[in-house]
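Q: Below is one structure. I have some questions about it.
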2 protein chains.
Amino acid sequence: MIKLTQAKFVTLKDIAEKAGVSVNTVSRALNNKPDINPKTKEKIEKIADELGYVKNSYATMLKSQVSNTIGVIVPDSSNPFFSEVFKGIDRAAKEKDYQIIMMNSEGLYENEEQFIRTLLERRVDGILLFPMQKSYEDIKELIRERFPIVLVGREYDGWDVDQIYSDEVKGGYIATKYLIEKGCKRIKMITDELYNSASFGRVEGYKKALKEKGKKVQDQDIKICDKIHEGYHIQAGYDEVTKMLKQKEIFDGIFCYNDLIAYGAIKALKEHGIRIPKDVRIVGYDDITFSSLIEPELTTIRVKKEEMGYEAFNMLYKRIKSDRISNSFVKKILDVELIIRKSA
Amino acid sequence: MIKLTQAKFVTLKDIAEKAGVSVNTVSRALNNKPDINPKTKEKIEKIADELGYVKNSYATMLKSQVSNTIGVIVPDSSNPFFSEVFKGIDRAAKEKDYQIIMMNSEGLYENEEQFIRTLLERRVDGILLFPMQKSYEDIKELIRERFPIVLVGREYDGWDVDQIYSDEVKGGYIATKYLIEKGCKRIKMITDELYNSASFGRVEGYKKALKEKGKKVQDQDIKICDKIHEGYHIQAGYDEVTKMLKQKEIFDGIFCYNDLIAYGAIKALKEHGIRIPKDVRIVGYDDITFSSLIEPELTTIRVKKEEMGYEAFNMLYKRIKSDRISNSFVKKILDVELIIRKSA
DNA sequence: CTGTTAGCGCTTTCAA
DNA sequence: TTGAAAGCGCTAACAG
């Protein structure tokens, strides 16, 4: 059936016929190849323009087996943390004239698996993945096949794969140590799931700081987010603190897995008339834009977000361009720093 | 040159050879077509699995001329407003099993033009565009060619194109009217560029409300954002208010083009010890998540963000699927509402 | 400098 | 139920 709603695209053949030359002459003309008469070229370009020619990239990619496209899978594109990392990816990709197909796994492993497949079907040249770490099968396969991939934001100790992530243990450590130094006697932690390395590392840092100062670590002090909510991080922080208050738990400091959780925690505390930082001190993680705008301004761990994205792309780019099998995989660990504001 | 770093992908031909059947039998087996012996099918599926077959979508698309992909061009993916609209798009696209290529025009018309071209080269089935409105040539061409497109968030009065946007005049009107009712005598407005319909509409509403209450509209009360900054909206709001204060302008109310500008405005006012809402009342626009978290909580105009994205996709989907030329273009206008919090 | 030819991987007639 | 052959639009090798 002829689709009248959409004009058919002009092909090289159309141009060739009109110009009275062969298809391949047209191809050469339009791709700025050598060995072409300037006059012919000009003529062809003119006709292409008149006809409104738009190259069919599928055909090109099918032929050349190169897409100049990478896939990016993030857990939540509406989380400002990922927006900022993505900015770095985007900037690096533009420099190298690469395109990006971005997908949102929404924290579901099934999606991650499915998206990887889709990206492979699209023959992306490589993948930048923020993995869920709920399972590893999908990634293992890519690595076994030596498909160009860089794992971002999560640690895969001992794996033969390029990776870039922050020094999470240090982050958790300096955050907690700071709270202790500020005089907190009972510090809770609210974290994400425990199976991802970021969460795990931050908890480890938290424990390390407590132990170092001779405080005992109690597992019930570590709260794990309940993620059933829409926009779950803020809500989860809010719910968790509300519950802690209702159960009359005693605490004078909270270290949150990320700034969003901290926002929710602050909201709950304020609603109960608890003063920050006087009664309870709060430290977040990530240092997203809004953290210097909320009240009280949030003390937090700054992560090099844009740099992480920028570097991640360039690591992937190198991997894509490396023509030989290389067993030297890059593991880049970014430093973090404590940003002291008003909440702690 | 053989690229050893990347295993070659398995093709239908490979499977066919191993199974001792023809390529087309394999194709039919893997695509769940009728007319295939269940046993043959099973055998083929098994081999495909063993060999790790991944379909080459370029080949399929080249042949079928359908990509099941749409392009989305947003001005700034790190602005929470667009993140939320995008969520709606994403949800709708998933329902229809469509994929999305998202691009970030960064407020530059050159990028918009360039991205449209790229998307056409990728033969997307349609485009969802948040236009800059700095120029119209690129869009005009698409419309002339009857390429499936939906313009989102901006009004194109009298154009033969599907569009969805908010009732901006109403938004500006109710925001300003509310400030007047609260007793504001001198209300400033800080807006984005003036050439886009959203900005234009909100200014119109602002003027309408002032006039209706017998107040005179002074053009110098309307401040236009200076956008040279990184993360410009917040910074621009901050800079603008700082400048107004330095120049000792008199005002007791500010209506901001969006919440981000309002955040910056609030920050500047606080730094100067000006109380909100006692000395100056602030109303924002969009009602992004963080607006109920900052202090004071922001009074703002709520826009149906997710719905806008969701509807936009479905309008585009209909357009893509409509097989005949249709001259009835859809123009959907979403309602807005005033959310009263603490800042005004 | 230009044309002919082959083929990327897949789908789709049309025969068998 | 299956196979052979053509072709989507483009590029590249090779002649001329």
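Labeling convention for the structure tokens: chains A, B, ... as they appear, residues from 1 per chain, ligands from 1 in order of appearance.
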Near DC10 (chain D), counting only C-alpha atoms (C1' of nucleotides), which residues have an atom at most 7 Å away, once you skip same-chain residues fewer than 5 positions from it, shown as a list in words?

A: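 Contacts, in chain order: Ala59, Thr60 and Lys63 of chain A.
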
Q: Export, as a PDB file, in the first residue's frame, the selected residues with C-alpha atoms.

A:
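Contents of the output file part20.pdb:
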```pdb
ATOM      1  CA  ALA A  59      22.111   1.460   4.192  1.00  0.00           C
ATOM      2  CA  THR A  60      25.410   3.067   5.040  1.00  0.00           C
ATOM      3  CA  LYS A  63      27.465  -1.629   4.351  1.00  0.00           C
TER       4      LYS A  63
END
```

Q: For chain D, work out the contacting residues on chain B at 9 Å, counting only C-alpha atoms (C1' of nucleotides), and write them as number ranges by chain.

A: B: 21-25, 35-37, 59, 61-65

Q: Write the residues of the selection above to a file with C-alpha atoms, as a compact mmCIF listing (two decimals), in the first residue's frame.

A:
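The file below, again.txt, is the result:
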```txt
# COMPACT_ATOMS: atom_id res chain seq x y z
CA VAL B 21 18.03 -25.02 5.22
CA SER B 22 17.65 -21.82 3.25
CA VAL B 23 18.10 -18.34 4.61
CA ASN B 24 14.48 -17.55 4.18
CA THR B 25 13.35 -20.54 6.18
CA ASP B 35 4.01 -21.94 7.04
CA ILE B 36 6.83 -23.51 8.91
CA ASN B 37 7.31 -26.97 10.23
CA ALA B 59 19.00 -4.74 7.46
CA MET B 61 14.76 -1.45 8.58
CA LEU B 62 16.34 -1.02 5.21
CA LYS B 63 14.07 -3.66 3.83
CA SER B 64 10.87 -2.86 5.67
CA GLN B 65 11.26 0.92 5.69
```

Q: So what do you get for CA of Ile164 (chain A) versus CA of Ile73 (chain A), distance-wise?

A: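 CA of Ile164 (chain A) sits 14.7 Å away from CA of Ile73 (chain A).
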
Q: Could the residues of chain C within 8 Å of chain B, counting only C-alpha atoms (C1' of nucleotides), be given as a PDB file with C-alpha atoms (C1' of nucleotides), in the first residue's frame, please?

A:
```
ATOM      1  C1'  DG C   9      21.757  -8.924   6.100  1.00  0.00           C
ATOM      2  C1'  DC C  10      17.348  -9.198   5.786  1.00  0.00           C
ATOM      3  C1'  DT C  11      12.389  -9.790   3.899  1.00  0.00           C
TER       4       DT C  11
END
```

Q: Give me the residues near Lys246 (chain B) as a short mmCIF file (atom, residue, chain, number, x, y, z; two decimals) with C-alpha atoms, in the first residue's frame, where near means some atom within 12 Å (using only C-alpha atoms (C1' of nucleotides)) and where sequence neighbours in that chain fewer than 5 positions away do not count.

A:
```
data_model
loop_
_atom_site.label_atom_id
_atom_site.label_comp_id
_atom_site.auth_asym_id
_atom_site.auth_seq_id
_atom_site.Cartn_x
_atom_site.Cartn_y
_atom_site.Cartn_z
CA ASP B 239 21.89 37.48 38.70
CA GLU B 240 18.78 39.31 37.64
CA VAL B 241 17.52 39.84 41.16
CA ALA B 268 19.52 36.29 45.89
CA LEU B 269 16.76 37.75 48.04
CA HIS B 272 20.22 40.29 50.97
#
```

Q: May I ask for the distance between CA of Met244 (chain A) and CA of Thr300 (chain A), given in Å to one decimal place?

A: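 Distance reported for this atom pair: 21.6 Å.
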
Q: Please provide as a PyMOL selection string all residues within 12 Å of Lys96 (chain B), with the sequence filter that same-chain residues fewer than 3 positions apart are discarded (counting only C-alpha atoms (C1' of nucleotides)).

A: chain B and resi 68-70+89-93+99-100+310+313-314+316-318+321
